[in-house]
>>> print(open('protein.cif').read())   # mmCIF, C-alpha atoms
data_run
#
loop_
_atom_site.label_atom_id
_atom_site.label_comp_id
_atom_site.auth_asym_id
_atom_site.auth_seq_id
_atom_site.Cartn_x
_atom_site.Cartn_y
_atom_site.Cartn_z
CA MET X 742 138.28 96.93 47.33
CA GLY X 743 141.69 96.84 45.60
CA MET X 744 144.07 99.15 47.47
CA LEU X 745 141.71 99.18 50.46
CA ASP X 746 141.73 95.43 51.11
CA SER X 747 142.82 95.13 54.74
CA HIS X 748 142.47 91.43 55.69
CA ASN X 749 139.90 92.35 58.34
CA THR X 750 138.97 89.28 60.39
CA THR X 751 136.18 90.83 62.48
CA THR X 752 132.64 89.60 61.91
CA GLU X 753 131.08 93.05 62.25
CA PRO X 754 132.12 96.39 60.69
CA ILE X 755 134.18 98.64 62.95
CA ASP X 756 132.31 101.82 63.93
CA TYR X 757 135.04 104.43 63.56
CA THR X 758 132.57 107.25 64.13
CA ALA X 759 131.98 105.95 67.65
CA LEU X 760 135.66 105.15 68.28
CA VAL X 761 136.97 108.59 67.30
CA GLN X 762 134.75 111.48 68.37
CA ALA X 763 137.33 114.16 67.71
CA GLU X 764 134.73 116.94 67.77
CA HIS X 765 134.07 116.04 71.41
CA GLY X 766 137.71 115.34 72.28
CA LEU X 767 137.19 111.59 72.80
CA VAL X 768 139.31 108.83 71.25
CA SER X 769 138.85 105.16 72.07
CA ARG X 770 141.87 103.28 73.36
CA ARG X 771 140.88 100.44 71.07
CA ILE X 772 142.42 102.13 68.02
CA PHE X 773 145.85 101.79 69.68
CA ILE X 774 145.62 98.05 70.39
CA ASP X 775 143.17 96.24 68.09
CA PRO X 776 144.97 94.04 65.49
CA ASP X 777 142.07 94.25 63.03
CA ILE X 778 142.10 98.03 63.17
CA TYR X 779 145.86 97.94 62.64
CA GLN X 780 145.51 95.85 59.48
CA GLN X 781 142.91 98.25 58.09
CA GLU X 782 145.18 101.14 59.05
CA LEU X 783 148.02 99.72 56.94
CA ALA X 784 145.73 99.71 53.91
CA ARG X 785 143.65 102.83 54.40
CA VAL X 786 146.16 105.21 56.02
CA PHE X 787 149.60 103.99 54.98
CA GLY X 788 148.36 102.66 51.65
CA ARG X 789 146.92 106.04 50.59
CA SER X 790 148.88 108.82 52.32
CA TRP X 791 152.02 110.55 51.13
CA LEU X 792 154.79 109.03 53.28
CA PHE X 793 158.28 110.43 53.91
CA LEU X 794 161.07 108.30 52.39
CA CYS X 795 164.34 110.19 52.84
CA HIS X 796 166.12 113.48 52.17
CA GLU X 797 167.57 114.35 48.77
CA SER X 798 171.01 114.80 50.36
CA GLN X 799 171.01 111.04 51.07
CA LEU X 800 170.87 110.35 47.32
CA GLN X 801 173.45 112.68 45.82
CA GLN X 802 175.08 110.54 43.10
CA PRO X 803 173.73 108.21 40.40
CA GLY X 804 173.63 104.72 41.91
CA ASP X 805 172.97 105.98 45.46
CA PHE X 806 170.22 104.10 47.26
CA PHE X 807 168.37 104.22 50.57
CA CYS X 808 166.16 101.50 52.04
CA THR X 809 163.13 102.36 54.15
CA TYR X 810 159.47 101.37 54.71
CA MET X 811 156.05 102.61 53.72
CA GLY X 812 153.84 101.13 56.40
CA GLU X 813 155.29 97.63 56.72
CA ASP X 814 156.24 97.40 53.04
CA PRO X 815 160.02 97.56 52.45
CA VAL X 816 160.95 100.25 49.94
CA LEU X 817 164.09 100.86 47.89
CA VAL X 818 164.76 104.49 46.93
CA THR X 819 167.36 105.06 44.22
CA ARG X 820 168.95 107.76 42.11
CA ALA X 821 169.17 106.13 38.69
CA LYS X 822 171.84 106.74 36.05
CA ASP X 823 169.70 109.43 34.46
CA GLY X 824 169.73 111.34 37.77
CA GLN X 825 166.04 110.71 38.50
CA ILE X 826 164.96 109.56 41.96
CA ARG X 827 162.71 106.51 41.95
CA ALA X 828 161.21 104.23 44.60
CA PHE X 829 160.14 100.59 44.45
CA LEU X 830 158.85 97.78 46.62
CA ASN X 831 162.07 96.21 47.86
CA SER X 832 160.97 92.72 46.90
CA CYS X 833 162.11 90.42 44.09
CA ARG X 834 159.33 89.59 41.66
CA HIS X 835 160.38 85.92 41.68
CA ARG X 836 159.90 84.86 45.32
CA GLY X 837 159.74 88.12 47.25
CA MET X 838 163.24 88.29 48.74
CA LYS X 839 164.53 91.80 49.40
CA VAL X 840 166.69 92.74 46.43
CA CYS X 841 168.66 95.14 48.62
CA ARG X 842 169.57 94.19 52.17
CA ALA X 843 171.96 97.08 52.90
CA ASP X 844 170.59 100.21 54.56
CA GLU X 845 172.13 102.64 52.07
CA GLY X 846 175.04 102.96 49.68
CA ASN X 847 175.90 103.07 45.99
CA THR X 848 175.69 100.31 43.43
CA GLU X 849 175.33 99.62 39.70
CA ALA X 850 172.51 97.11 40.16
CA PHE X 851 170.58 95.06 42.74
CA THR X 852 170.90 91.26 42.71
CA CYS X 853 168.52 89.10 44.72
CA SER X 854 170.52 86.76 46.94
CA TYR X 855 167.97 83.94 46.54
CA HIS X 856 167.92 83.23 42.80
CA ALA X 857 170.06 86.12 41.49
CA TRP X 858 167.45 88.01 39.53
CA THR X 859 169.12 91.37 38.90
CA TYR X 860 167.53 94.81 38.65
CA ALA X 861 168.89 98.12 37.39
CA SER X 862 168.67 101.25 39.54
CA ASP X 863 165.63 102.32 37.50
CA GLY X 864 163.83 99.09 38.48
CA ARG X 865 164.18 97.18 35.20
CA LEU X 866 164.81 93.42 35.39
CA ILE X 867 168.13 93.09 33.55
CA GLY X 868 169.40 89.67 34.61
CA VAL X 869 167.76 86.24 34.98
CA PRO X 870 170.03 83.19 35.42
CA HIS X 871 169.47 80.51 32.78
CA HIS X 872 167.04 82.66 30.90
CA LYS X 873 167.70 80.63 27.75
CA GLU X 874 167.89 77.10 29.18
CA ALA X 875 165.27 77.26 31.97
CA TYR X 876 162.85 79.88 30.64
CA TYR X 877 163.41 79.15 26.94
CA GLU X 878 163.74 82.92 26.54
CA GLU X 879 159.97 83.17 27.00
CA LEU X 880 160.03 85.24 30.22
CA ASP X 881 159.11 88.83 29.36
CA ARG X 882 161.60 90.66 31.54
CA ALA X 883 160.01 94.01 30.70
CA GLN X 884 156.92 92.90 32.65
CA TRP X 885 158.79 91.74 35.75
CA GLY X 886 160.66 94.82 36.95
CA LEU X 887 160.44 96.04 40.53
CA VAL X 888 157.01 97.31 41.60
CA PRO X 889 157.18 101.14 41.58
CA VAL X 890 155.36 103.48 43.94
CA ALA X 891 152.34 105.13 42.35
CA GLN X 892 153.62 108.69 42.86
CA LEU X 893 156.86 110.26 44.05
CA ASP X 894 157.57 113.93 44.70
CA ALA X 895 159.66 116.19 46.91
CA TYR X 896 159.25 119.40 48.86
CA ARG X 897 162.20 121.38 50.25
CA GLY X 898 164.47 118.35 49.79
CA LEU X 899 162.05 115.97 51.55
CA ILE X 900 161.15 112.99 49.35
CA PHE X 901 157.65 111.53 49.70
CA ALA X 902 155.78 108.74 47.93
CA THR X 903 152.36 107.11 47.92
CA TRP X 904 151.07 103.73 46.77
CA ASP X 905 147.79 105.26 45.59
CA PRO X 906 147.63 106.74 42.07
CA THR X 907 144.49 108.70 43.01
CA THR X 908 146.02 110.53 45.98
CA PRO X 909 146.12 114.32 45.31
CA PRO X 910 149.54 115.80 44.42
CA LEU X 911 151.99 116.31 47.28
CA ASP X 912 151.63 120.08 47.05
CA GLU X 913 147.89 119.79 47.71
CA TYR X 914 148.35 117.08 50.36
CA LEU X 915 150.69 119.32 52.38
CA GLY X 916 148.46 122.36 51.87
CA ASP X 917 149.02 125.18 54.37
CA MET X 918 151.57 123.00 56.17
CA LYS X 919 154.10 124.08 53.52
CA TYR X 920 154.24 127.53 55.17
CA TYR X 921 155.46 125.90 58.39
CA LEU X 922 157.72 123.35 56.69
CA ASP X 923 159.56 126.32 55.23
CA LEU X 924 160.47 127.44 58.76
CA GLN X 925 162.55 124.28 59.20
CA PHE X 926 163.61 123.25 55.70
CA GLY X 927 163.42 126.38 53.55
CA ARG X 928 164.83 129.32 55.53
CA ARG X 929 167.76 129.87 53.19
CA PRO X 930 168.13 129.32 49.42
CA GLY X 931 170.75 126.59 49.92
CA GLY X 932 168.24 124.34 51.62
CA THR X 933 169.08 121.62 54.13
CA GLU X 934 171.06 118.41 54.35
CA VAL X 935 171.00 115.36 56.58
CA ILE X 936 174.12 114.66 58.62
CA PRO X 937 175.13 111.11 57.61
CA GLY X 938 173.90 108.31 59.85
CA THR X 939 170.50 106.92 60.82
CA HIS X 940 169.66 105.99 64.40
CA LYS X 941 167.10 103.19 64.72
CA TRP X 942 165.45 101.68 67.76
CA GLN X 943 162.20 99.97 68.67
CA ILE X 944 159.66 100.90 71.33
CA PRO X 945 156.82 98.59 72.45
CA CYS X 946 154.03 101.04 71.68
CA ASN X 947 151.59 101.98 68.95
CA TRP X 948 153.06 104.43 66.42
CA LYS X 949 150.24 106.93 66.98
CA PHE X 950 151.48 107.74 70.49
CA ALA X 951 154.65 109.23 69.03
CA ALA X 952 152.94 111.05 66.14
CA ASP X 953 150.41 112.38 68.67
CA ASN X 954 153.18 113.65 70.95
CA PHE X 955 155.05 115.51 68.22
CA VAL X 956 151.96 116.92 66.50
CA GLY X 957 150.95 119.08 69.43
CA ASP X 958 151.84 117.89 72.94
CA LEU X 959 153.78 120.66 74.62
CA TYR X 960 151.64 119.97 77.71
CA HIS X 961 153.85 117.08 78.82
CA ALA X 962 157.14 118.98 78.62
CA PRO X 963 157.30 120.67 82.06
CA TYR X 964 156.25 117.44 83.78
CA SER X 965 157.75 114.52 81.84
CA HIS X 966 160.90 116.51 81.05
CA GLY X 967 160.98 118.65 84.18
CA SER X 968 164.21 117.16 85.53
CA ALA X 969 165.98 117.45 82.17
CA VAL X 970 164.97 121.09 81.82
CA LYS X 971 166.21 121.86 85.35
CA VAL X 972 169.53 120.10 84.70
CA GLN X 973 170.05 122.41 81.74
CA GLY X 974 169.01 125.46 83.78
CA ARG X 975 166.27 126.44 81.35
CA THR X 976 163.19 126.44 83.59
CA GLN X 977 162.42 130.18 83.53
CA ALA X 978 163.26 130.52 79.86
CA ALA X 979 161.02 127.54 79.04
CA ASN X 980 158.14 129.15 80.92
CA ARG X 981 158.54 132.41 78.99
CA ARG X 982 158.71 130.59 75.65
CA ARG X 983 155.52 128.66 76.36
CA ALA X 984 153.71 131.92 77.02
CA ALA X 985 154.78 133.07 73.54
CA SER X 986 153.96 129.79 71.79
CA MET X 987 150.87 128.30 70.15
CA GLN X 988 149.64 125.13 68.50
CA VAL X 989 148.69 125.49 64.83
CA SER X 990 146.36 123.16 62.91
CA PRO X 991 146.69 123.77 59.15
CA GLY X 992 144.43 120.88 58.08
CA GLY X 993 145.08 117.43 56.64
CA GLY X 994 145.88 115.95 60.05
CA HIS X 995 149.17 117.87 60.14
CA GLY X 996 150.09 119.94 63.18
CA MET X 997 152.77 122.34 64.30
CA GLY X 998 153.86 123.98 67.52
CA VAL X 999 155.34 127.42 66.86
CA HIS X 1000 157.08 130.09 68.90
CA ARG X 1001 156.74 133.84 68.49
CA PRO X 1002 160.31 135.23 68.68
CA ASP X 1003 158.91 138.76 68.32
CA LEU X 1004 157.20 138.25 71.71
CA ASP X 1005 159.99 136.36 73.49
CA GLU X 1006 163.64 135.88 72.51
CA SER X 1007 164.70 133.51 75.30
CA ARG X 1008 167.20 130.92 74.10
CA ALA X 1009 166.15 127.32 73.58
CA LEU X 1010 169.10 126.14 71.48
CA PRO X 1011 172.88 126.50 72.03
CA ALA X 1012 173.98 130.14 71.91
CA ILE X 1013 175.97 129.67 68.70
CA VAL X 1014 172.86 128.30 66.97
CA GLU X 1015 170.56 131.05 68.27
CA ASP X 1016 173.08 133.70 67.16
CA TYR X 1017 173.19 132.10 63.69
CA ILE X 1018 169.37 132.13 63.45
CA ARG X 1019 169.26 135.83 64.39
CA ALA X 1020 172.06 136.74 61.97
CA THR X 1021 170.36 135.07 59.01
CA ARG X 1022 166.88 136.53 59.55
CA PRO X 1023 167.33 139.39 57.04
CA GLU X 1024 168.14 136.81 54.36
CA VAL X 1025 165.18 134.66 55.42
CA ALA X 1026 162.88 137.68 55.16
CA GLN X 1027 163.96 138.16 51.55
CA HIS X 1028 163.81 134.46 50.68
CA LEU X 1029 160.49 133.69 52.43
CA SER X 1030 158.68 136.52 54.20
CA TYR X 1031 159.13 138.97 57.05
CA ASP X 1032 156.73 137.00 59.25
CA GLN X 1033 158.55 133.71 58.65
CA ALA X 1034 161.84 135.37 59.56
CA TYR X 1035 160.85 137.43 62.58
CA ARG X 1036 157.40 136.48 63.88
CA VAL X 1037 157.11 132.69 63.81
CA ALA X 1038 159.56 129.85 64.42
CA ALA X 1039 159.19 126.06 64.38
CA VAL X 1040 159.08 124.08 67.64
CA HIS X 1041 157.64 120.62 66.91
CA SER X 1042 155.56 119.03 64.17
CA THR X 1043 154.00 115.94 62.58
CA ILE X 1044 153.15 115.58 58.91
CA PHE X 1045 150.26 113.12 58.79
CA PRO X 1046 150.63 110.29 59.38
CA ASN X 1047 154.12 109.48 60.71
CA PHE X 1048 156.81 112.05 59.79
CA SER X 1049 157.89 114.40 62.61
CA PHE X 1050 160.59 116.96 63.36
CA LEU X 1051 161.80 119.39 66.03
CA SER X 1052 163.38 122.82 65.86
CA ASN X 1053 166.71 121.46 67.11
CA GLY X 1054 167.26 119.55 63.84
CA THR X 1055 165.78 116.23 65.00
CA MET X 1056 163.86 114.50 62.20
CA ARG X 1057 161.84 111.29 62.69
CA VAL X 1058 159.76 108.58 61.05
CA TRP X 1059 157.60 106.34 63.24
CA HIS X 1060 157.50 103.03 61.34
CA PRO X 1061 154.60 100.77 62.42
CA LYS X 1062 155.64 97.22 63.28
CA GLY X 1063 152.35 95.95 64.70
CA PRO X 1064 149.67 97.41 66.96
CA GLU X 1065 152.06 97.42 69.93
CA LYS X 1066 155.45 98.05 68.34
CA MET X 1067 157.08 100.77 66.29
CA GLU X 1068 160.58 101.41 64.99
CA VAL X 1069 161.96 104.93 65.33
CA TRP X 1070 164.24 106.20 62.56
CA ALA X 1071 166.01 109.44 63.47
CA TRP X 1072 168.29 111.88 61.69
CA VAL X 1073 169.74 115.34 62.29
CA VAL X 1074 169.07 117.91 59.56
CA VAL X 1075 170.98 121.20 59.21
CA GLU X 1076 171.03 124.11 56.81
CA LYS X 1077 173.52 123.35 54.07
CA ASP X 1078 175.09 126.81 54.15
CA ALA X 1079 175.43 126.98 57.94
CA PRO X 1080 179.00 127.25 59.30
CA PRO X 1081 180.59 123.92 60.35
CA GLU X 1082 180.63 124.95 64.02
CA VAL X 1083 176.87 125.60 63.91
CA LYS X 1084 176.24 122.20 62.34
CA ARG X 1085 178.33 120.52 65.04
CA ALA X 1086 176.42 122.33 67.77
CA ILE X 1087 173.07 121.25 66.29
CA LEU X 1088 174.28 117.65 66.04
CA ARG X 1089 175.55 117.58 69.64
CA ASN X 1090 172.38 119.18 70.97
CA SER X 1091 170.11 116.74 69.16
CA GLN X 1092 172.13 113.71 70.20
CA TYR X 1093 172.31 114.83 73.81
CA ASN X 1094 168.57 115.39 74.09
CA PHE X 1095 166.86 113.18 71.49
CA ASN X 1096 169.22 110.34 70.66
CA VAL X 1097 168.10 106.83 71.63
CA SER X 1098 169.77 107.51 74.99
CA GLY X 1099 168.97 111.25 75.07
CA ILE X 1100 167.76 112.74 78.32
CA PHE X 1101 164.41 113.78 76.80
CA GLU X 1102 164.09 110.65 74.69
CA GLN X 1103 164.18 108.35 77.71
CA ASP X 1104 161.15 110.11 79.20
CA ASP X 1105 159.10 109.92 76.00
CA GLY X 1106 159.83 106.27 75.27
CA GLU X 1107 158.82 105.24 78.79
CA ASN X 1108 155.60 107.23 78.54
CA TRP X 1109 154.58 105.72 75.21
CA ASN X 1110 155.46 102.21 76.34
CA GLN X 1111 153.34 102.46 79.48
CA CYS X 1112 150.45 104.19 77.66
CA SER X 1113 150.37 101.37 75.13
CA ALA X 1114 150.56 98.66 77.80
CA SER X 1115 147.57 100.13 79.67
CA ASN X 1116 145.30 99.26 76.73
CA ARG X 1117 145.84 95.50 76.83
CA GLY X 1118 143.25 94.72 79.49
CA TYR X 1119 139.57 94.09 78.84
CA ILE X 1120 138.44 97.09 80.90
CA GLY X 1121 141.22 99.39 79.75
CA ARG X 1122 140.51 99.08 76.06
CA GLN X 1123 136.86 100.06 76.60
CA GLN X 1124 137.86 103.51 77.89
CA ASP X 1125 138.35 106.75 75.96
CA PHE X 1126 141.36 109.04 75.98
CA ASN X 1127 140.57 112.68 76.74
CA TYR X 1128 141.56 115.23 74.08
CA GLN X 1129 139.38 118.10 75.31
CA MET X 1130 142.08 120.61 76.19
CA GLY X 1131 141.17 123.91 74.55
CA LEU X 1132 138.08 122.43 72.90
CA GLY X 1133 135.85 125.23 71.67
CA HIS X 1134 138.55 127.87 72.06
CA GLU X 1135 140.32 127.41 68.72
CA GLU X 1136 140.47 130.41 66.45
CA ARG X 1137 141.37 131.06 62.84
CA MET X 1138 144.42 133.28 62.42
CA GLU X 1139 144.67 136.29 60.16
CA GLU X 1140 148.46 136.59 60.17
CA PHE X 1141 149.38 132.91 59.65
CA PRO X 1142 147.66 129.99 57.86
CA GLY X 1143 145.43 127.62 59.82
CA ARG X 1144 143.67 127.60 63.18
CA ARG X 1145 145.45 128.00 66.51
CA GLY X 1146 145.19 127.16 70.16
CA PHE X 1147 147.20 128.06 73.25
CA ALA X 1148 150.60 126.39 73.73
CA PHE X 1149 148.83 123.88 75.97
CA SER X 1150 146.04 122.79 73.64
CA GLU X 1151 144.99 119.55 71.94
CA ILE X 1152 143.74 121.23 68.78
CA ASN X 1153 146.36 119.43 66.71
CA GLN X 1154 145.62 116.01 68.18
CA ARG X 1155 141.92 116.48 67.45
CA GLY X 1156 142.83 117.38 63.87
CA PHE X 1157 145.14 114.35 63.63
CA TYR X 1158 142.52 111.85 64.81
CA LYS X 1159 139.76 113.46 62.78
CA ARG X 1160 141.90 112.92 59.69
CA TRP X 1161 142.71 109.36 60.78
CA ARG X 1162 138.97 108.64 61.13
CA GLU X 1163 138.30 110.06 57.68
CA MET X 1164 140.99 107.86 56.16
CA MET X 1165 139.52 104.79 57.85
CA LEU X 1166 135.92 105.60 56.82
CA LEU X 1167 136.02 107.17 53.36
CA ASP X 1168 136.83 105.17 50.25
CA THR X 1169 137.77 107.79 47.66
CA TRP X 1170 139.89 110.90 47.50
CA ASP X 1171 136.90 112.81 46.20
CA GLU X 1172 135.48 112.28 49.69
CA LEU X 1173 138.81 112.74 51.48
CA ARG X 1174 139.94 115.89 49.70
CA PRO X 1175 137.96 118.42 51.81
CA GLY X 1176 139.81 117.20 54.93
CA LEU X 1177 143.07 118.58 53.56
CA ARG X 1178 141.92 122.09 54.46
CA SER X 1179 141.76 123.58 57.94
#
>>> encode(input="protein.cif", output="structure tokens")
Amino acid sequence: MGMLDSHNTTTEPIDYTALVQAEHGLVSRRIFIDPDIYQQELARVFGRSWLFLCHESQLQQPGDFFCTYMGEDPVLVTRAKDGQIRAFLNSCRHRGMKVCRADEGNTEAFTCSYHAWTYASDGRLIGVPHHKEAYYEELDRAQWGLVPVAQLDAYRGLIFATWDPTTPPLDEYLGDMKYYLDLQFGRRPGGTEVIPGTHKWQIPCNWKFAADNFVGDLYHAPYSHGSAVKVQGRTQAANRRRAASMQVSPGGGHGMGVHRPDLDESRALPAIVEDYIRATRPEVAQHLSYDQAYRVAAVHSTIFPNFSFLSNGTMRVWHPKGPEKMEVWAWVVVEKDAPPEVKRAILRNSQYNFNVSGIFEQDDGENWNQCSASNRGYIGRQQDFNYQMGLGHEERMEEFPGRRGFAFSEINQRGFYKRWREMMLLDTWDELRPGLRS
């Protein structure tokens, strides 16, 4: 099967049609716990999807690099001397050692600490100790450079890559989701930048619980986060905002929660940030559209499979580390042309609420941990999760791309798991392509 080899150890094929009945709002708990499903997932989902790597602002100068993961494969992202951004498997071609063990930085070249094979920032093998004496100058170094990703592209400063050369272009993969990405990353011509620093922590849960939460779960907010909302004195405002919010499913497994500021202007962010958003709307209307400036605003989102963000500047990747463990990587993103005081307010707000020790973050991590643990038992893993909220009440929108449901709706989760099932079942992108549309 090539790219789709998944080291499956089960004796019988896995019936994904029975496990994920998204059209009926039923998803088996088994897909969150089964190690064989997880191995197939690494190949069929993470091996073929466009995955977020980093932001362009993290690679500003030639020689800059950033280390991340695609699935469980370590990846080295670089800006080479020619200014081009490239990405490679972070693994020496000799014995597999990581050629870069720092998280990020700037360097002329990457030298493996095991046997000192050295690679340029464009991936070429440029140094092999004792090439003349030990290899008799017969090693073809041109054939032993770092393994590159199959495709790399960017949208609004967000760098993505895929291992699959047959995956449709990023523009097509994102589809109608680009309209909503613009609300967070393309409001102003200057674009966005990441505030330096990456927060990383692990949670004993399956990665899909987090992607599921960010793709469309506003339902949990007044209950899981009720105390935090009361502490901040935002209960009435939160209720009004939910009444003016909706879940949007644009296709491809992506999902977005949006707010209608033209229907309710209650503040959700620090006053200085809300005032900045209002003041820049005329510019946004010229740069994007009137609707994107005045009638729709981002709340929460997941780009299938594992890249998520919130309206307060929080940006996340949920790295899978096994069926019952994930590693959260978090950043704060701000508009590049925003005043320094606005950037500081966004940073403080995000850290206070969604840092590893943030008052909202603690609630979510505990939920996902306990949800994952409940699937370990023999009886538990035979049950289905219920995703029937709003089932049959979705509607296609005329004013915005995609289909929508009420603020409390699981339309986006159903779209997410439907796409996951398609990735696990279908072998070619000719078959998968129709699922990119809503």
>>> atom_distance(input="protein.cif", atom1="atom CA of Asp844 of chain X", atom2="atom CA of Cys808 of chain X")
5.3 Å
>>> residues_near_point(input="protein.cif", point="(154.4, 98.8, 53.0)", cutoff="8 Å", atoms="all atoms listed in the file", output="PyMOL selection string")
chain X and resi 783+787-788+810-816+830
>>> residues_around(input="protein.cif", residues="segment 882-898 of chain X", least_positions_apart="6", cutoff="6 Å", atoms="only C-alpha atoms", output="list in words")
His796, Glu797, Ala828, Phe829, Leu830, Gly864, Arg865, Leu866, Trp904, Asp905, Pro906 and Phe926 of chain X
>>> write_last_selection(input="protein.cif", atoms="C-alpha atoms", output="tab-separated table (two decimals), in the coordinates of the input")
chain	number	residue	atom	x	y	z
X	796	HIS	CA	166.12	113.48	52.17
X	797	GLU	CA	167.57	114.35	48.77
X	828	ALA	CA	161.21	104.23	44.60
X	829	PHE	CA	160.14	100.59	44.45
X	830	LEU	CA	158.85	97.78	46.62
X	864	GLY	CA	163.83	99.09	38.48
X	865	ARG	CA	164.18	97.18	35.20
X	866	LEU	CA	164.81	93.42	35.39
X	904	TRP	CA	151.07	103.73	46.77
X	905	ASP	CA	147.79	105.26	45.59
X	906	PRO	CA	147.63	106.74	42.07
X	926	PHE	CA	163.61	123.25	55.70
>>> closest_atom_pairs(input="protein.cif", of="segment 1006-1108 of chain X", to="segment 933-942 of chain X", cutoff="6 Å", atoms="all atoms listed in the file", output="JSON lines")
{"residue": "X:Glu1068", "atom": "CA", "partner": "X:Trp942", "partner_atom": "CA", "distance": 5.6}
{"residue": "X:Val1069", "atom": "CA", "partner": "X:Trp942", "partner_atom": "CA", "distance": 5.4}
{"residue": "X:Trp1070", "atom": "CA", "partner": "X:Lys941", "partner_atom": "CA", "distance": 4.7}
{"residue": "X:Ala1071", "atom": "CA", "partner": "X:His940", "partner_atom": "CA", "distance": 5.1}
{"residue": "X:Trp1072", "atom": "CA", "partner": "X:Thr939", "partner_atom": "CA", "distance": 5.5}
{"residue": "X:Val1073", "atom": "CA", "partner": "X:Ile936", "partner_atom": "CA", "distance": 5.8}
{"residue": "X:Val1074", "atom": "CA", "partner": "X:Val935", "partner_atom": "CA", "distance": 4.4}
{"residue": "X:Val1075", "atom": "CA", "partner": "X:Thr933", "partner_atom": "CA", "distance": 5.4}
{"residue": "X:Glu1076", "atom": "CA", "partner": "X:Thr933", "partner_atom": "CA", "distance": 4.1}
{"residue": "X:Lys1077", "atom": "CA", "partner": "X:Thr933", "partner_atom": "CA", "distance": 4.8}
>>> resolve_selection(input="protein.cif", expression="the PyMOL selection byres ((chain X and resi 916) around 9)", output="count of residues only")
14
>>> closest_residue(input="protein.cif", among="X:Leu922, X:Leu1166, X:Ile1100, X:Leu794", to="Ser965 of chain X", atoms="all atoms listed in the file")
X:Ile1100
>>> atom_distance(input="protein.cif", atom1="atom CA of Phe1095 of chain X", atom2="atom CA of Gly1146 of chain X")
25.8 Å
>>> resolve_selection(input="protein.cif", expression="the PyMOL selection byres ((chain X and resi 778) around 12)", output="ChimeraX atom specification")
/X:747-751,754-757,760,769-777,779-786,947,1063-1064,1161-1162,1165-1166
>>> closest_residue(input="protein.cif", among="X:Asn1096, X:Gln801, X:Thr908, X:Gln988", to="Arg789 of chain X", atoms="all atoms listed in the file")
X:Thr908
>>> atom_distance(input="protein.cif", atom1="atom CA of Thr809 of chain X", atom2="atom CA of Phe901 of chain X")
11.6 Å
>>> resolve_selection(input="protein.cif", expression="the PyMOL selection byres ((chain X and resi 1029) around 10)", output="PyMOL selection string")
chain X and resi 920+923-924+927-930+1022+1024-1028+1030-1034
>>> write_last_selection(input="protein.cif", atoms="C-alpha atoms", output="tab-separated table (two decimals), keeping the file's coordinate frame")
chain	number	residue	atom	x	y	z
X	920	TYR	CA	154.24	127.53	55.17
X	923	ASP	CA	159.56	126.32	55.23
X	924	LEU	CA	160.47	127.44	58.76
X	927	GLY	CA	163.42	126.38	53.55
X	928	ARG	CA	164.83	129.32	55.53
X	929	ARG	CA	167.76	129.87	53.19
X	930	PRO	CA	168.13	129.32	49.42
X	1022	ARG	CA	166.88	136.53	59.55
X	1024	GLU	CA	168.14	136.81	54.36
X	1025	VAL	CA	165.18	134.66	55.42
X	1026	ALA	CA	162.88	137.68	55.16
X	1027	GLN	CA	163.96	138.16	51.55
X	1028	HIS	CA	163.81	134.46	50.68
X	1030	SER	CA	158.68	136.52	54.20
X	1031	TYR	CA	159.13	138.97	57.05
X	1032	ASP	CA	156.73	137.00	59.25
X	1033	GLN	CA	158.55	133.71	58.65
X	1034	ALA	CA	161.84	135.37	59.56
>>> closest_residue(input="protein.cif", among="X:Ser790, X:Asn1053, X:Ser1179, X:Asn1094", to="Thr903 of chain X", atoms="all atoms listed in the file")
X:Ser790
>>> residues_around(input="protein.cif", residues="Pro945 of chain X", least_positions_apart="5", cutoff="7 Å", atoms="all atoms listed in the file", output="ChimeraX atom specification")
/X:1065-1067,1110
>>> closest_residue(input="protein.cif", among="X:Ser1115, X:Asn954, X:Ser968, X:Thr1021", to="Ser1042 of chain X", atoms="all atoms listed in the file")
X:Asn954
>>> closest_residue(input="protein.cif", among="X:Ala1009, X:Met987, X:Leu1088, X:Ala1020", to="Tyr960 of chain X", atoms="only C-alpha atoms")
X:Met987
>>> closest_residue(input="protein.cif", among="X:Pro1061, X:Pro1142, X:Gly1133, X:Pro1002", to="Arg1036 of chain X", atoms="all atoms listed in the file")
X:Pro1002
>>> residues_near_point(input="protein.cif", point="(164.6, 105.8, 37.2)", cutoff="7 Å", atoms="all atoms listed in the file", output="list in words")
Arg820, Ala821, Asp823, Gln825, Ile826, Arg827, Ser862, Asp863 and Gly864 of chain X
>>> closest_atom_pairs(input="protein.cif", of="segment 1006-1125 of chain X", to="segment 949-953 of chain X", cutoff="8 Å", atoms="all atoms listed in the file", output="JSON lines")
{"residue": "X:Thr1043", "atom": "CA", "partner": "X:Ala952", "partner_atom": "CA", "distance": 6.1}
{"residue": "X:Pro1046", "atom": "CA", "partner": "X:Ala952", "partner_atom": "CA", "distance": 7.2}
{"residue": "X:Asn1047", "atom": "CA", "partner": "X:Ala952", "partner_atom": "CA", "distance": 5.8}
{"residue": "X:Phe1048", "atom": "CA", "partner": "X:Ala952", "partner_atom": "CA", "distance": 7.5}
{"residue": "X:Ser1049", "atom": "CA", "partner": "X:Ala952", "partner_atom": "CA", "distance": 6.9}
{"residue": "X:Trp1059", "atom": "CA", "partner": "X:Ala951", "partner_atom": "CA", "distance": 7.1}
{"residue": "X:Trp1109", "atom": "CA", "partner": "X:Phe950", "partner_atom": "CA", "distance": 6.0}
{"residue": "X:Ser1113", "atom": "CA", "partner": "X:Phe950", "partner_atom": "CA", "distance": 8.0}
